[in-house]
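Engineer: Just final05.txt, nothing more (compact mmCIF, C-alpha atoms):
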# COMPACT_ATOMS: atom_id res chain seq x y z
CA MET A 1000 0.00 0.00 0.00
CA ARG A 1001 2.89 2.37 0.74
CA VAL A 1002 4.26 1.87 -2.76
CA LEU A 1003 0.84 2.54 -4.30
CA ARG A 1004 0.45 5.74 -2.27
CA GLU A 1005 3.88 6.89 -3.41
CA LEU A 1006 2.99 6.17 -7.03
CA VAL A 1007 -0.26 8.13 -6.81
CA ARG A 1008 1.59 11.14 -5.40
CA ARG A 1009 3.79 11.37 -8.51
CA PRO A 1010 1.98 12.97 -11.48
CA SER A 1011 3.92 11.07 -14.13
CA ALA A 1012 3.47 7.73 -12.37
CA LEU A 1013 -0.23 8.47 -11.80
CA PHE A 1014 -0.63 9.18 -15.52
CA GLY A 1015 1.09 5.88 -16.30
CA LEU A 1016 -1.13 3.98 -13.86
CA ILE A 1017 -4.30 5.45 -15.35
CA VAL A 1018 -3.26 4.54 -18.91
CA VAL A 1019 -2.19 1.02 -17.93
CA VAL A 1020 -5.43 0.40 -16.01
CA ILE A 1021 -7.49 1.62 -18.97
CA VAL A 1022 -5.58 -0.62 -21.39
CA LEU A 1023 -5.87 -3.64 -19.07
CA LEU A 1024 -9.61 -3.13 -18.54
CA ALA A 1025 -10.13 -2.65 -22.28
CA ALA A 1026 -8.29 -5.90 -22.99
CA ILE A 1027 -10.17 -7.86 -20.30
CA PHE A 1028 -13.63 -6.60 -21.27
CA ALA A 1029 -13.01 -6.42 -25.02
CA PRO A 1030 -15.87 -8.84 -25.92
CA TRP A 1031 -18.35 -6.63 -24.07
CA ILE A 1032 -16.96 -3.27 -25.19
CA ALA A 1033 -16.60 -4.00 -28.90
CA HIS A 1034 -19.79 -3.98 -30.96
CA PHE A 1035 -18.26 -6.14 -33.69
CA SER A 1036 -16.11 -9.23 -33.91
CA PRO A 1037 -12.49 -8.40 -34.81
CA ASP A 1038 -12.57 -10.87 -37.72
CA ASP A 1039 -15.94 -9.96 -39.26
CA GLN A 1040 -15.70 -8.37 -42.70
CA LEU A 1041 -18.71 -6.07 -42.50
CA ALA A 1042 -20.99 -5.55 -45.48
CA ASP A 1043 -20.89 -1.77 -44.91
CA GLY A 1044 -17.24 -1.73 -43.78
CA LEU A 1045 -15.88 -0.26 -47.01
CA SER A 1046 -16.83 2.75 -49.08
CA LEU A 1047 -18.39 2.41 -52.53
CA GLU A 1048 -14.87 2.64 -53.94
CA GLY A 1049 -13.69 -0.20 -51.70
CA ALA A 1050 -11.66 2.06 -49.39
CA PRO A 1051 -11.56 1.82 -45.56
CA LEU A 1052 -14.00 4.04 -43.68
CA PRO A 1053 -12.55 6.88 -41.59
CA PRO A 1054 -13.22 7.18 -37.83
CA GLY A 1055 -16.70 8.29 -36.90
CA GLY A 1056 -20.26 7.14 -37.36
CA GLY A 1057 -20.77 3.53 -36.37
CA HIS A 1058 -17.03 2.81 -36.28
CA LEU A 1059 -15.13 4.74 -33.61
CA PHE A 1060 -11.69 4.08 -35.13
CA GLY A 1061 -12.94 3.49 -38.67
CA THR A 1062 -12.46 0.24 -40.58
CA ASP A 1063 -9.43 -1.50 -42.03
CA THR A 1064 -8.61 -2.60 -45.57
CA LEU A 1065 -10.90 -5.65 -45.32
CA GLY A 1066 -13.86 -3.77 -43.84
CA ARG A 1067 -13.28 -4.94 -40.28
CA ASP A 1068 -13.96 -2.65 -37.33
CA LEU A 1069 -10.62 -1.19 -36.24
CA PHE A 1070 -11.80 -0.43 -32.71
CA ALA A 1071 -12.63 -4.11 -32.16
CA ARG A 1072 -9.29 -5.19 -33.60
CA VAL A 1073 -7.38 -2.77 -31.39
CA LEU A 1074 -9.24 -3.99 -28.28
CA PHE A 1075 -8.59 -7.66 -29.02
CA GLY A 1076 -5.06 -6.80 -30.16
CA ALA A 1077 -4.47 -5.38 -26.68
CA ARG A 1078 -5.11 -8.84 -25.28
CA THR A 1079 -2.49 -10.39 -27.55
CA SER A 1080 0.14 -7.69 -27.02
CA LEU A 1081 -0.31 -7.56 -23.23
CA ILE A 1082 -0.30 -11.35 -22.84
CA ILE A 1083 2.97 -11.52 -24.74
CA GLY A 1084 4.35 -8.54 -22.83
CA LEU A 1085 3.50 -9.94 -19.40
CA VAL A 1086 4.38 -13.59 -20.08
CA ALA A 1087 7.58 -12.92 -22.04
CA ASN A 1088 8.83 -10.34 -19.56
CA GLY A 1089 7.93 -12.52 -16.59
CA VAL A 1090 9.90 -15.43 -18.03
CA ALA A 1091 12.82 -13.14 -18.94
CA VAL A 1092 12.99 -11.71 -15.40
CA ALA A 1093 12.80 -15.23 -13.90
CA ILE A 1094 15.64 -16.51 -16.12
CA GLY A 1095 17.77 -13.44 -15.51
CA LEU A 1096 17.16 -13.60 -11.76
CA LEU A 1097 18.12 -17.28 -11.62
CA VAL A 1098 21.25 -16.96 -13.78
CA GLY A 1099 22.49 -13.78 -12.10
CA LEU A 1100 21.81 -15.09 -8.59
CA LEU A 1101 23.58 -18.41 -9.17
CA ALA A 1102 26.53 -16.79 -10.94
CA GLY A 1103 26.98 -14.17 -8.23
CA TYR A 1104 26.62 -16.60 -5.35
CA LEU A 1105 28.58 -19.58 -6.70
CA ARG A 1106 31.36 -17.60 -8.36
CA GLY A 1107 34.33 -19.79 -9.34
CA THR A 1108 34.16 -21.81 -12.54
CA ALA A 1109 30.37 -22.22 -12.49
CA GLY A 1110 29.76 -18.51 -11.99
CA ASN A 1111 32.26 -17.56 -14.70
CA LEU A 1112 30.67 -19.94 -17.20
CA LEU A 1113 27.21 -18.54 -16.54
CA MET A 1114 28.39 -14.96 -16.96
CA ARG A 1115 30.42 -15.69 -20.09
CA PHE A 1116 27.29 -17.23 -21.59
CA THR A 1117 25.39 -14.09 -20.58
CA ASP A 1118 28.06 -11.92 -22.22
CA LEU A 1119 27.81 -14.05 -25.37
CA MET A 1120 24.04 -13.49 -25.50
CA MET A 1121 24.52 -9.76 -24.95
CA ALA A 1122 26.87 -9.62 -27.94
CA PHE A 1123 24.00 -10.40 -30.31
CA PRO A 1124 21.62 -7.54 -31.16
CA ALA A 1125 18.32 -8.44 -29.49
CA LEU A 1126 16.16 -7.60 -32.50
CA LEU A 1127 18.29 -9.60 -34.96
CA LEU A 1128 18.39 -12.58 -32.61
CA ALA A 1129 14.61 -12.41 -32.12
CA ILE A 1130 14.09 -12.22 -35.89
CA ALA A 1131 16.35 -15.26 -36.42
CA LEU A 1132 14.59 -17.34 -33.75
CA ALA A 1133 11.11 -16.30 -34.92
CA ALA A 1134 12.02 -17.17 -38.51
CA LEU A 1135 13.25 -20.65 -37.50
CA LEU A 1136 10.15 -21.43 -35.43
CA LYS A 1137 6.51 -21.36 -36.52
CA PRO A 1138 5.20 -17.97 -35.32
CA SER A 1139 2.38 -18.10 -32.78
CA LEU A 1140 1.45 -16.19 -29.66
CA TRP A 1141 3.37 -18.44 -27.25
CA ILE A 1142 6.34 -18.95 -29.57
CA VAL A 1143 6.70 -15.19 -29.96
CA ALA A 1144 6.49 -14.78 -26.16
CA MET A 1145 9.24 -17.35 -25.61
CA VAL A 1146 11.44 -15.87 -28.34
CA ILE A 1147 11.21 -12.43 -26.74
CA ALA A 1148 11.93 -13.91 -23.30
CA LEU A 1149 15.07 -15.64 -24.62
CA VAL A 1150 16.55 -12.36 -25.87
CA ASN A 1151 15.54 -10.11 -22.95
CA TRP A 1152 16.87 -11.88 -19.86
CA VAL A 1153 20.53 -10.91 -20.18
CA GLN A 1154 20.23 -7.35 -18.80
CA VAL A 1155 18.43 -8.64 -15.71
CA ALA A 1156 21.09 -11.33 -15.20
CA ARG A 1157 23.92 -8.78 -15.34
CA ILE A 1158 22.24 -6.45 -12.79
CA VAL A 1159 21.34 -9.31 -10.43
CA TYR A 1160 24.87 -10.74 -10.69
CA THR A 1161 26.41 -7.41 -9.64
CA GLU A 1162 24.03 -7.02 -6.69
CA THR A 1163 24.52 -10.62 -5.56
CA ARG A 1164 28.31 -10.25 -5.61
CA GLY A 1165 27.94 -7.32 -3.23
CA LEU A 1166 25.47 -9.09 -0.95
CA VAL A 1167 27.52 -12.26 -0.38
CA GLU A 1168 30.27 -10.18 1.24
CA ARG A 1169 27.92 -8.41 3.65
CA ASP A 1170 28.29 -9.06 7.37
CA PHE A 1171 24.84 -10.60 7.84
CA ILE A 1172 25.60 -13.24 5.19
CA LEU A 1173 28.95 -14.04 6.79
CA ALA A 1174 27.19 -14.31 10.16
CA GLU A 1175 24.65 -16.75 8.75
CA ARG A 1176 27.43 -18.91 7.35
CA SER A 1177 29.27 -18.91 10.67
CA LEU A 1178 26.06 -20.14 12.33
CA GLY A 1179 25.97 -23.09 9.91
CA ALA A 1180 23.24 -21.92 7.52
CA GLY A 1181 23.20 -23.81 4.23
CA ASN A 1182 23.41 -22.29 0.78
CA SER A 1183 19.71 -22.78 0.04
CA ARG A 1184 18.67 -21.02 3.26
CA ILE A 1185 21.01 -18.09 2.61
CA ILE A 1186 19.80 -17.70 -0.98
CA VAL A 1187 16.07 -18.01 -0.27
CA PHE A 1188 15.78 -16.11 3.03
CA HIS A 1189 18.60 -13.56 2.89
CA ILE A 1190 19.71 -12.80 -0.67
CA LEU A 1191 16.53 -13.23 -2.72
CA PRO A 1192 14.45 -10.75 -0.66
CA HIS A 1193 17.11 -8.07 -1.30
CA LEU A 1194 16.88 -8.73 -5.05
CA MET A 1195 13.09 -8.51 -5.30
CA PRO A 1196 12.95 -4.67 -5.64
CA THR A 1197 15.33 -4.93 -8.61
CA ALA A 1198 13.24 -7.71 -10.13
CA ILE A 1199 10.03 -5.69 -9.69
CA VAL A 1200 11.51 -2.56 -11.27
CA TRP A 1201 13.03 -4.42 -14.20
CA GLY A 1202 9.84 -6.43 -14.58
CA THR A 1203 7.84 -3.22 -14.97
CA LEU A 1204 10.33 -1.48 -17.26
CA GLY A 1205 10.76 -4.61 -19.36
CA ILE A 1206 7.06 -4.80 -20.24
CA ALA A 1207 7.42 -1.66 -22.34
CA THR A 1208 10.41 -3.13 -24.21
CA THR A 1209 8.58 -6.42 -24.70
CA VAL A 1210 5.44 -4.78 -26.07
CA LEU A 1211 7.55 -2.76 -28.51
CA LEU A 1212 9.55 -5.84 -29.59
CA GLU A 1213 6.34 -7.82 -30.16
CA ALA A 1214 4.97 -4.98 -32.24
CA THR A 1215 8.21 -4.88 -34.24
CA LEU A 1216 8.18 -8.62 -34.94
CA SER A 1217 4.51 -8.53 -35.92
CA PHE A 1218 5.13 -5.50 -38.13
CA LEU A 1219 7.92 -7.44 -39.88
CA GLY A 1220 5.51 -10.33 -40.45
CA ILE A 1221 7.24 -12.87 -38.19
CA GLY A 1222 5.26 -12.23 -35.01
CA VAL A 1223 1.65 -13.10 -34.22
CA GLN A 1224 0.03 -14.19 -37.45
CA PRO A 1225 -3.30 -12.93 -38.85
CA PRO A 1226 -6.22 -13.23 -38.41
CA GLN A 1227 -5.34 -13.03 -34.69
CA PRO A 1228 -4.96 -9.29 -34.10
CA SER A 1229 -2.05 -7.64 -32.34
CA TRP A 1230 -1.07 -3.99 -32.42
CA GLY A 1231 1.97 -4.77 -34.54
CA ASN A 1232 0.27 -6.83 -37.23
CA ILE A 1233 -2.57 -4.27 -37.48
CA ILE A 1234 0.07 -1.76 -38.58
CA PHE A 1235 1.75 -4.37 -40.81
CA GLU A 1236 -1.50 -5.12 -42.64
CA SER A 1237 -2.23 -1.43 -43.18
CA GLN A 1238 1.18 0.00 -44.11
CA SER A 1239 0.40 0.18 -47.82
CA TYR A 1240 -2.61 2.43 -47.03
CA PHE A 1241 -0.57 4.89 -44.96
CA GLU A 1242 -1.30 7.87 -47.23
CA ASP A 1243 -4.95 7.08 -48.00
CA ALA A 1244 -5.99 5.82 -44.55
CA PRO A 1245 -3.43 7.11 -42.02
CA TRP A 1246 -5.66 6.28 -39.05
CA LEU A 1247 -4.92 2.59 -39.62
CA VAL A 1248 -1.30 3.25 -38.65
CA PHE A 1249 -1.54 6.24 -36.32
CA ILE A 1250 -4.18 4.84 -33.94
CA PRO A 1251 -2.48 1.52 -33.05
CA GLY A 1252 0.90 3.27 -33.17
CA ALA A 1253 -0.26 5.91 -30.67
CA ILE A 1254 -1.65 3.20 -28.38
CA ILE A 1255 1.66 1.30 -28.47
CA LEU A 1256 3.52 4.52 -27.68
CA ALA A 1257 1.19 5.45 -24.79
CA THR A 1258 1.34 1.94 -23.28
CA ALA A 1259 5.13 1.69 -23.49
CA LEU A 1260 5.55 5.20 -22.07
CA SER A 1261 3.18 4.45 -19.20
CA PHE A 1262 5.02 1.29 -18.14
CA ASN A 1263 8.31 3.21 -18.30
CA LEU A 1264 6.92 5.98 -16.11
CA ILE A 1265 5.71 3.44 -13.54
CA GLY A 1266 9.04 1.61 -13.64
CA ASP A 1267 11.03 4.80 -13.13
CA ALA A 1268 8.85 5.73 -10.15
CA LEU A 1269 9.20 2.26 -8.65
CA ARG A 1270 12.97 2.52 -9.00
CA ASP A 1271 12.98 5.71 -6.94
CA ILE A 1272 10.57 4.33 -4.35
CA LEU A 1273 12.18 0.91 -3.85
CA ASP A 1274 15.81 1.99 -4.18
CA PRO A 1275 16.55 5.10 -2.07
CA THR A 1276 20.02 5.46 -3.67
CA GLN A 1277 18.31 6.31 -6.98
CA ARG A 1278 15.98 8.91 -5.50
CA GLY A 1279 16.21 12.27 -7.22
CA ARG A 1280 18.61 11.17 -9.95
CA LEU A 1281 16.14 11.39 -12.84
Go ahead and render the structure in this file as C-alpha cells.
Structural biologist:
Amino acid sequence: MRVLRELVRRPSALFGLIVVVIVLLAAIFAPWIAHFSPDDQLADGLSLEGAPLPPGGGHLFGTDTLGRDLFARVLFGARTSLIIGLVANGVAVAIGLLVGLLAGYLRGTAGNLLMRFTDLMMAFPALLLAIALAALLKPSLWIVAMVIALVNWVQVARIVYTETRGLVERDFILAERSLGAGNSRIIVFHILPHLMPTAIVWGTLGIATTVLLEATLSFLGIGVQPPQPSWGNIIFESQSYFEDAPWLVFIPGAIILATALSFNLIGDALRDILDPTQRGRL
C-alpha cells in the first residue's frame, strides 16, 4: 500500500497507472466493449470505392482494408500484445534472476561460465536474434512470447549478478554462514528478498520493451500471425494504405507509444521508491 500511495503522489506515475489500467480493462472486457467481432468483414465496412471508412459514425476508429472494425481489432489486439508482454517479460525476469543469482553466489568456474554465456548473449543484437529465432520457429502467440523472453533476460542477469556479488560479502551473510546456515537457506531467506525490488523494477520497465519488440516482430511479419490481431500486425497489414488511410497506422501506433511510455513511467517511479540510492537522480 505504501508503494501505491507513493505512485499516486507522482503525477507522471499516476498518468502511467491510469493509462495502464485503462488498457488492461479494455483488454479484459473487449468482448463486451466492442460492438463487432475483430474478424468480421462487414458488409458496410468499405466505401463504394472499396476504401476503408474513416473514424466516426458507427465505427469509432474506422475500418481496415478488409472492412473490419478497427476499434474491435485494437481492443482484441491489446489482449495479444499484453499477454505476450507480461508472459515474455515474466519469463525473462525469472531466467535473468536465476542466472544472475547463481553466478553471483557460486562464483568460481560455475559462476564464470554462466556470466560468459550471458556476455555471449549480450553480444548479439536483441532484434536480430529475435528475428532469427522467430524465422526458424513457426510464429504463434506463445512462440513469440518465448522468443522475446530468450533475448531479454541478459540485462536482468547482469544487474542481479552485480548485486549478488555485493550481498555475499555483507556481514549478515557471513554471520549466517558462521552459524551453519546452508546455501539454500542463505539464498532463499537472505539474498533473494534483497533482489526482489530490482526484479520488480526491471519487470515493470521490461514490459514496455517487450510490447515494442512484439509490435516490431509482428510488423515485420514474423510475429503473431493474422487473423489473430495484435497492435503490430494491425500496422503491418495497413502499411500500404498509410497515405490514403493514415488512421490505420496512427491509432495503433499511438496506443503502443502510450502503453510503453506508461510502463516506463511506472518503472522509473518504482525505481525511486524501492531503491533510495536512486531517489532524485532522474
Engineer: Would you mind telling me which residue in A:Ala1025, A:Leu1194, A:Asp1118, A:Ala1134 lies nearest to Leu1100 of chain A when using only C-alpha atoms?
Structural biologist: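 Once distances to Leu1100 of chain A are computed over only C-alpha atoms, the minimum belongs to A:Leu1194.
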Engineer: Nearest to Asp1038 of chain A: which of A:Val1155, A:Ala1093, A:Ile1233, A:Ala1131 is it, counting only C-alpha atoms?
Structural biologist: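 Looking only at the distances to Asp1038 of chain A, the closest residue turns out to be A:Ile1233.
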Engineer: Considering only C-alpha atoms, can you say which of A:Asp1068, A:Val1150, A:Trp1201, A:Ile1027 comes closest to Ala1268 of chain A?
Structural biologist: A:Trp1201
Engineer: Closest to Val1223 of chain A among A:Thr1064, A:Ser1036, A:Ser1239, A:Ser1139, using only C-alpha atoms?
Structural biologist: A:Ser1139
Engineer: Write out, as a Markdown table, each residue of segment 1221-1240 of chain A that has an atom at most 10 Å from segment 1055-1063 of chain A, together with the closest pair of atoms and their distance in Å to one decimal, counting only C-alpha atoms, rows going by chain and rising number.
Structural biologist:
| residue | atom | partner | partner_atom | distance |
| --- | --- | --- | --- | --- |
| A:Ile1233 | CA | A:Asp1063 | CA | 8.7 |
| A:Glu1236 | CA | A:Asp1063 | CA | 8.7 |
| A:Ser1237 | CA | A:Asp1063 | CA | 7.3 |
| A:Tyr1240 | CA | A:Asp1063 | CA | 9.3 |
Engineer: Kindly give the distance, in Å, that separates atom CA of Leu1105 of chain A and atom CA of Ile1158 of chain A, rounded to a single decimal.
Structural biologist: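 So the answer is 15.8 Å.
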Engineer: Between A:Gly1076, A:Gly1103, A:Pro1051, A:Gly1084, which has the minimum distance to Val1167 of chain A (counting only C-alpha atoms)?
Structural biologist: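 Looking only at the distances to Val1167 of chain A, the closest residue turns out to be A:Gly1103.
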Engineer: Please identify all polymer residues within 12 Å of Val1200 of chain A, counting only C-alpha atoms, omitting same-chain residues fewer than 3 positions from it, and present them as a list in words.
Structural biologist: Asn1088, Gly1089, Val1092, Val1155, Ile1158, Val1159, Leu1194, Met1195, Pro1196, Thr1197, Thr1203, Leu1204, Gly1205, Ile1206, Ala1207, Phe1262, Asn1263, Leu1264, Ile1265, Gly1266, Asp1267, Ala1268, Leu1269, Arg1270, Asp1271, Ile1272, Leu1273, Asp1274 and Gln1277 of chain A
Engineer: List the spatial neighbours of Lys1137 of chain A as a list in words - criterion: any atom at most 12 Å away, all atoms listed in the file, same-chain residues fewer than 4 positions off excluded.
Structural biologist: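 My reading of the contact set: Ile1130, Ala1131, Leu1132, Ala1133, Trp1141, Ile1142, Val1143, Met1145, Val1146, Gly1220, Ile1221, Gly1222, Val1223 and Gln1224 of chain A.
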Engineer: Quick one: distance from atom CA of Asn1151 of chain A to atom CA of Arg1184 of chain A in Å, one decimal?
Structural biologist: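 Interatomic distance, atom CA of Asn1151 of chain A to atom CA of Arg1184 of chain A: 28.6 Å.
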Engineer: For Ala1087 of chain A, which residue among A:Phe1028, A:Glu1005, A:Ala1102, A:Ala1148 is the nearest when counting all atoms listed in the file?
Structural biologist: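 Selected residue with least distance to Ala1087 of chain A: A:Ala1148.
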Engineer: Neighbouring residues of segment 1016-1020 of chain A were defined as those with any atom within 10 Å, considering only C-alpha atoms; residues of the same chain fewer than 3 positions away were excluded. Please report them as a count of residues only.
Structural biologist: 20
Engineer: Please indicate the distance in Å from atom CA of Ala1180 of chain A to atom CA of Leu1166 of chain A, rounded to one decimal place.
Structural biologist: 15.5 Å
Engineer: Copy segment 1139-1217 of chain A out of the block into a file, keeping C-alpha atoms, as a PDB file, in the first residue's frame.
Structural biologist:
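Now in out15.pdb:
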ATOM      1  CA  SER A1139       2.379 -18.100 -32.781  1.00  0.00           C
ATOM      2  CA  LEU A1140       1.445 -16.192 -29.660  1.00  0.00           C
ATOM      3  CA  TRP A1141       3.371 -18.443 -27.249  1.00  0.00           C
ATOM      4  CA  ILE A1142       6.337 -18.953 -29.574  1.00  0.00           C
ATOM      5  CA  VAL A1143       6.700 -15.185 -29.957  1.00  0.00           C
ATOM      6  CA  ALA A1144       6.495 -14.781 -26.164  1.00  0.00           C
ATOM      7  CA  MET A1145       9.240 -17.354 -25.605  1.00  0.00           C
ATOM      8  CA  VAL A1146      11.439 -15.868 -28.341  1.00  0.00           C
ATOM      9  CA  ILE A1147      11.206 -12.430 -26.743  1.00  0.00           C
ATOM     10  CA  ALA A1148      11.932 -13.911 -23.302  1.00  0.00           C
ATOM     11  CA  LEU A1149      15.068 -15.639 -24.619  1.00  0.00           C
ATOM     12  CA  VAL A1150      16.554 -12.365 -25.867  1.00  0.00           C
ATOM     13  CA  ASN A1151      15.541 -10.110 -22.955  1.00  0.00           C
ATOM     14  CA  TRP A1152      16.873 -11.885 -19.864  1.00  0.00           C
ATOM     15  CA  VAL A1153      20.534 -10.906 -20.182  1.00  0.00           C
ATOM     16  CA  GLN A1154      20.231  -7.355 -18.802  1.00  0.00           C
ATOM     17  CA  VAL A1155      18.434  -8.641 -15.711  1.00  0.00           C
ATOM     18  CA  ALA A1156      21.085 -11.326 -15.203  1.00  0.00           C
ATOM     19  CA  ARG A1157      23.915  -8.780 -15.336  1.00  0.00           C
ATOM     20  CA  ILE A1158      22.245  -6.453 -12.791  1.00  0.00           C
ATOM     21  CA  VAL A1159      21.343  -9.308 -10.428  1.00  0.00           C
ATOM     22  CA  TYR A1160      24.865 -10.735 -10.686  1.00  0.00           C
ATOM     23  CA  THR A1161      26.410  -7.412  -9.642  1.00  0.00           C
ATOM     24  CA  GLU A1162      24.034  -7.016  -6.687  1.00  0.00           C
ATOM     25  CA  THR A1163      24.518 -10.615  -5.557  1.00  0.00           C
ATOM     26  CA  ARG A1164      28.311 -10.247  -5.606  1.00  0.00           C
ATOM     27  CA  GLY A1165      27.945  -7.317  -3.225  1.00  0.00           C
ATOM     28  CA  LEU A1166      25.472  -9.085  -0.953  1.00  0.00           C
ATOM     29  CA  VAL A1167      27.519 -12.258  -0.381  1.00  0.00           C
ATOM     30  CA  GLU A1168      30.274 -10.183   1.244  1.00  0.00           C
ATOM     31  CA  ARG A1169      27.924  -8.412   3.654  1.00  0.00           C
ATOM     32  CA  ASP A1170      28.293  -9.057   7.373  1.00  0.00           C
ATOM     33  CA  PHE A1171      24.839 -10.602   7.838  1.00  0.00           C
ATOM     34  CA  ILE A1172      25.598 -13.239   5.194  1.00  0.00           C
ATOM     35  CA  LEU A1173      28.952 -14.037   6.793  1.00  0.00           C
ATOM     36  CA  ALA A1174      27.194 -14.310  10.162  1.00  0.00           C
ATOM     37  CA  GLU A1175      24.654 -16.749   8.748  1.00  0.00           C
ATOM     38  CA  ARG A1176      27.435 -18.909   7.346  1.00  0.00           C
ATOM     39  CA  SER A1177      29.265 -18.906  10.666  1.00  0.00           C
ATOM     40  CA  LEU A1178      26.063 -20.140  12.325  1.00  0.00           C
ATOM     41  CA  GLY A1179      25.969 -23.086   9.913  1.00  0.00           C
ATOM     42  CA  ALA A1180      23.240 -21.918   7.519  1.00  0.00           C
ATOM     43  CA  GLY A1181      23.198 -23.810   4.228  1.00  0.00           C
ATOM     44  CA  ASN A1182      23.409 -22.291   0.778  1.00  0.00           C
ATOM     45  CA  SER A1183      19.710 -22.779   0.039  1.00  0.00           C
ATOM     46  CA  ARG A1184      18.666 -21.018   3.259  1.00  0.00           C
ATOM     47  CA  ILE A1185      21.009 -18.091   2.607  1.00  0.00           C
ATOM     48  CA  ILE A1186      19.803 -17.696  -0.983  1.00  0.00           C
ATOM     49  CA  VAL A1187      16.072 -18.008  -0.267  1.00  0.00           C
ATOM     50  CA  PHE A1188      15.777 -16.107   3.027  1.00  0.00           C
ATOM     51  CA  HIS A1189      18.602 -13.556   2.894  1.00  0.00           C
ATOM     52  CA  ILE A1190      19.707 -12.804  -0.668  1.00  0.00           C
ATOM     53  CA  LEU A1191      16.534 -13.235  -2.718  1.00  0.00           C
ATOM     54  CA  PRO A1192      14.448 -10.745  -0.661  1.00  0.00           C
ATOM     55  CA  HIS A1193      17.112  -8.067  -1.296  1.00  0.00           C
ATOM     56  CA  LEU A1194      16.876  -8.734  -5.049  1.00  0.00           C
ATOM     57  CA  MET A1195      13.095  -8.506  -5.298  1.00  0.00           C
ATOM     58  CA  PRO A1196      12.949  -4.667  -5.644  1.00  0.00           C
ATOM     59  CA  THR A1197      15.331  -4.929  -8.608  1.00  0.00           C
ATOM     60  CA  ALA A1198      13.237  -7.713 -10.130  1.00  0.00           C
ATOM     61  CA  ILE A1199      10.032  -5.689  -9.688  1.00  0.00           C
ATOM     62  CA  VAL A1200      11.508  -2.564 -11.268  1.00  0.00           C
ATOM     63  CA  TRP A1201      13.033  -4.421 -14.202  1.00  0.00           C
ATOM     64  CA  GLY A1202       9.841  -6.429 -14.578  1.00  0.00           C
ATOM     65  CA  THR A1203       7.845  -3.220 -14.975  1.00  0.00           C
ATOM     66  CA  LEU A1204      10.325  -1.477 -17.261  1.00  0.00           C
ATOM     67  CA  GLY A1205      10.755  -4.606 -19.362  1.00  0.00           C
ATOM     68  CA  ILE A1206       7.058  -4.801 -20.243  1.00  0.00           C
ATOM     69  CA  ALA A1207       7.421  -1.660 -22.342  1.00  0.00           C
ATOM     70  CA  THR A1208      10.405  -3.135 -24.206  1.00  0.00           C
ATOM     71  CA  THR A1209       8.577  -6.422 -24.695  1.00  0.00           C
ATOM     72  CA  VAL A1210       5.438  -4.779 -26.075  1.00  0.00           C
ATOM     73  CA  LEU A1211       7.553  -2.760 -28.512  1.00  0.00           C
ATOM     74  CA  LEU A1212       9.548  -5.835 -29.588  1.00  0.00           C
ATOM     75  CA  GLU A1213       6.344  -7.824 -30.161  1.00  0.00           C
ATOM     76  CA  ALA A1214       4.966  -4.977 -32.239  1.00  0.00           C
ATOM     77  CA  THR A1215       8.206  -4.875 -34.242  1.00  0.00           C
ATOM     78  CA  LEU A1216       8.184  -8.622 -34.938  1.00  0.00           C
ATOM     79  CA  SER A1217       4.506  -8.535 -35.919  1.00  0.00           C
TER      80      SER A1217
END
